[in-house]
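Here the structure is laid out as structure tokens; the discussion comes afterwards.
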Amino acid sequence: MLSGPSGVGKGTVRKALFETGNTDFSYSISMTTRKPRKGEVNGVDYYFVSKEEFEENIRNGEMLEYAKYVDNYYGTPLKYVNETLDQGKDVFLEIEVNGAMQVRANCPDAVFVFLTPPDLMELKHRLIGRGTDAMDVINKRIKKAVGEIRMMRNYDYAVVNDEVSNAVERIQMIIRSERLRVTRVMPDYEQMIGDE
Ligand SMILES: Nc1nc2c(ncn2[C@@H]2O[C@H](COP(=O)(O)OP(=O)(O)O)[C@@H](O)[C@H]2O)c(=O)[nH]1
Ligand SMILES: Nc1ncnc2c1ncn2[C@@H]1O[C@H](COP(=O)(O)OP(=O)(O)O)[C@@H](O)[C@H]1O
């Protein structure tokens with residue numbers, strides 16, 4: 001599970017991570033009421049839905065978690081996550097802090113990584129540089145970032161996104177060490193000690 005303020009580089013780092021081919025994660029595509037940005041594709045970047053449709057999904061218990069972020073709903077459809085976990089595969093979520101804390105409460109095995117900017121000025125530069133949001137939206141996202149960074153202490157790991165390749169390497173190390181931790185197999189001690 002990856003969180004971090006808007007513009008820190010979550011999407012960029014996630015894509016670079018998946019391109020290394022060393023991850024056998026399935027990416028959970030979120031649902032949102034936000035309008036698609038230029039180049040975003042429905043069913044690839046997000047499932048873009050109306051507010052009514054989103055609220056219907058909430059009512060029907062079809063969301064693992066959801067949150068309101070700067071005037072829009074964002075959430076994780078439960079079905080895909082359950083199906084993927086049932087197949088024995090790990091799921092990669094890229095979601096904001098309030099949704100992450102809902103997952104924390106429901107999925108004790110999930111690993112929480114917070115991607116941080118080197119500093120807030122750099123965050124603003126990246127948001128402006130991305131060129132996808134109007135200045136008033138950028139300012140709302142920066143304001144939100146301050147509270148989000150405070151939530152970092154509730155995460156298992158913090159990764160600084162100074163250079164994309166460094167951030168990817170750090171996340172790969174986290175994945176490797178977490179996998180070692182959870183796949184450690186207990187030897188068959190009954191067989192080892194026999195009937196004694
Ligand atoms: N809780 C929750 N947050 C999400 C989900 N999908 C995306 N987000 C977060 O919503 C925030 C806004 O996303 P977006 O508008 O795409 O902006 P961006 O992160 O700047 O590209 C980001 O912090 C995303 O990580 C989701 O399924 N659930
Ligand atoms: N390590 C980095 N150094 C410089 N620019 C970056 C870095 N990571 C991402 N960016 C740039 O910052 C902007 C925001 O990145 P993006 O992946 O869209 O962030 P997020 O998904 O967290 O909102 C993009 O223009 C991206 O190219």
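Just remember, in the structure tokens the first chain shown is A, the second B, etc., residues are 1-based per chain, and ligands are 1-based in the order shown.
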Surrounding residues of stretch 139-149 of chain A excluding itself and chain neighbours under 4 positions, 10 Å, only C-alpha atoms, as a PyMOL selection string
chain A and resi 3-8+69-70+96-98+114-117+120-121+123-124+127+133-135+153
For A:Val103, list every protein, DNA or RNA residue within 12 Å, evaluated using only C-alpha atoms, and leave out those in the same chain fewer than 4 positions away; present the list as a PDB file with C-alpha atoms, in the first residue's frame.
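And here's result-v1.pdb as it stands now:
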```
ATOM      1  CA  MET A   1       0.000   0.000   0.000  1.00  0.00           C
ATOM      2  CA  LEU A   2       1.496   3.295  -1.122  1.00  0.00           C
ATOM      3  CA  SER A   3       0.337   6.721   0.069  1.00  0.00           C
ATOM      4  CA  MET A  63     -15.882  -0.662  -1.401  1.00  0.00           C
ATOM      5  CA  LEU A  64     -12.959  -1.929   0.694  1.00  0.00           C
ATOM      6  CA  GLU A  65     -12.369   1.696   1.693  1.00  0.00           C
ATOM      7  CA  TYR A  66     -13.173   5.136   0.392  1.00  0.00           C
ATOM      8  CA  ALA A  67     -12.501   8.759   1.211  1.00  0.00           C
ATOM      9  CA  GLY A  75     -12.179   4.297  -3.282  1.00  0.00           C
ATOM     10  CA  THR A  76     -11.011   0.715  -3.729  1.00  0.00           C
ATOM     11  CA  LEU A  78     -13.648  -4.750  -2.810  1.00  0.00           C
ATOM     12  CA  VAL A  81      -8.972  -7.153  -4.053  1.00  0.00           C
ATOM     13  CA  LEU A  93      -2.999  -0.034  -3.505  1.00  0.00           C
ATOM     14  CA  GLU A  94      -2.143   3.610  -4.144  1.00  0.00           C
ATOM     15  CA  ILE A  95      -4.495   5.543  -1.888  1.00  0.00           C
ATOM     16  CA  GLU A  96      -4.649   8.578   0.380  1.00  0.00           C
ATOM     17  CA  VAL A  97      -4.168   8.528   4.138  1.00  0.00           C
ATOM     18  CA  ASN A  98      -7.757   8.248   5.409  1.00  0.00           C
ATOM     19  CA  GLY A  99      -8.481   5.279   3.162  1.00  0.00           C
ATOM     20  CA  CYS A 107      -6.286  -5.910   6.745  1.00  0.00           C
ATOM     21  CA  PRO A 108      -3.690  -6.561   9.451  1.00  0.00           C
ATOM     22  CA  ASP A 109      -1.228  -8.109   6.957  1.00  0.00           C
ATOM     23  CA  ALA A 110      -1.038  -5.048   4.703  1.00  0.00           C
ATOM     24  CA  VAL A 111       2.272  -3.161   4.563  1.00  0.00           C
ATOM     25  CA  PHE A 112       2.094   0.641   4.595  1.00  0.00           C
ATOM     26  CA  TYR A 155       2.959   4.027   8.370  1.00  0.00           C
TER      27      TYR A 155
END
```
Atom 6 (N, counted along the ligand's line) of ligand 1 sits from atom CA of A:Val49 at a separation of 12.8 Å
Neighbours of ligand 2 at 8 Å or closer, counting only C-alpha atoms and all ligand atoms: which residues, as a list in words?
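Final answer, ordered by chain and number: Gly4, Pro5, Ser6, Gly7, Val8, Gly9, Lys10, Gly11, Thr12, Val13, Arg14, Leu123, His125, Arg126, Leu127, Ile128, Gly129, Arg130, Gly131, Asn161, Asp162, Glu163, Val164, Ser165 and Ala167 of chain A.
Here atom 19 (O, counted along the ligand's line) of ligand 1 stands at a distance of 11.5 Å from atom CA of A:Ser30.
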So which residues of chain A fall under strand (DSSP E or B) by DSSP, listed as JSON, numbers by chain?
{"A": [2, 3, 25, 26, 27, 31, 32, 42, 46, 47, 48, 63, 64, 65, 66, 67, 68, 69, 72, 73, 74, 75, 76, 77, 90, 91, 92, 94, 113, 114, 115, 116, 157, 158, 159, 160]}
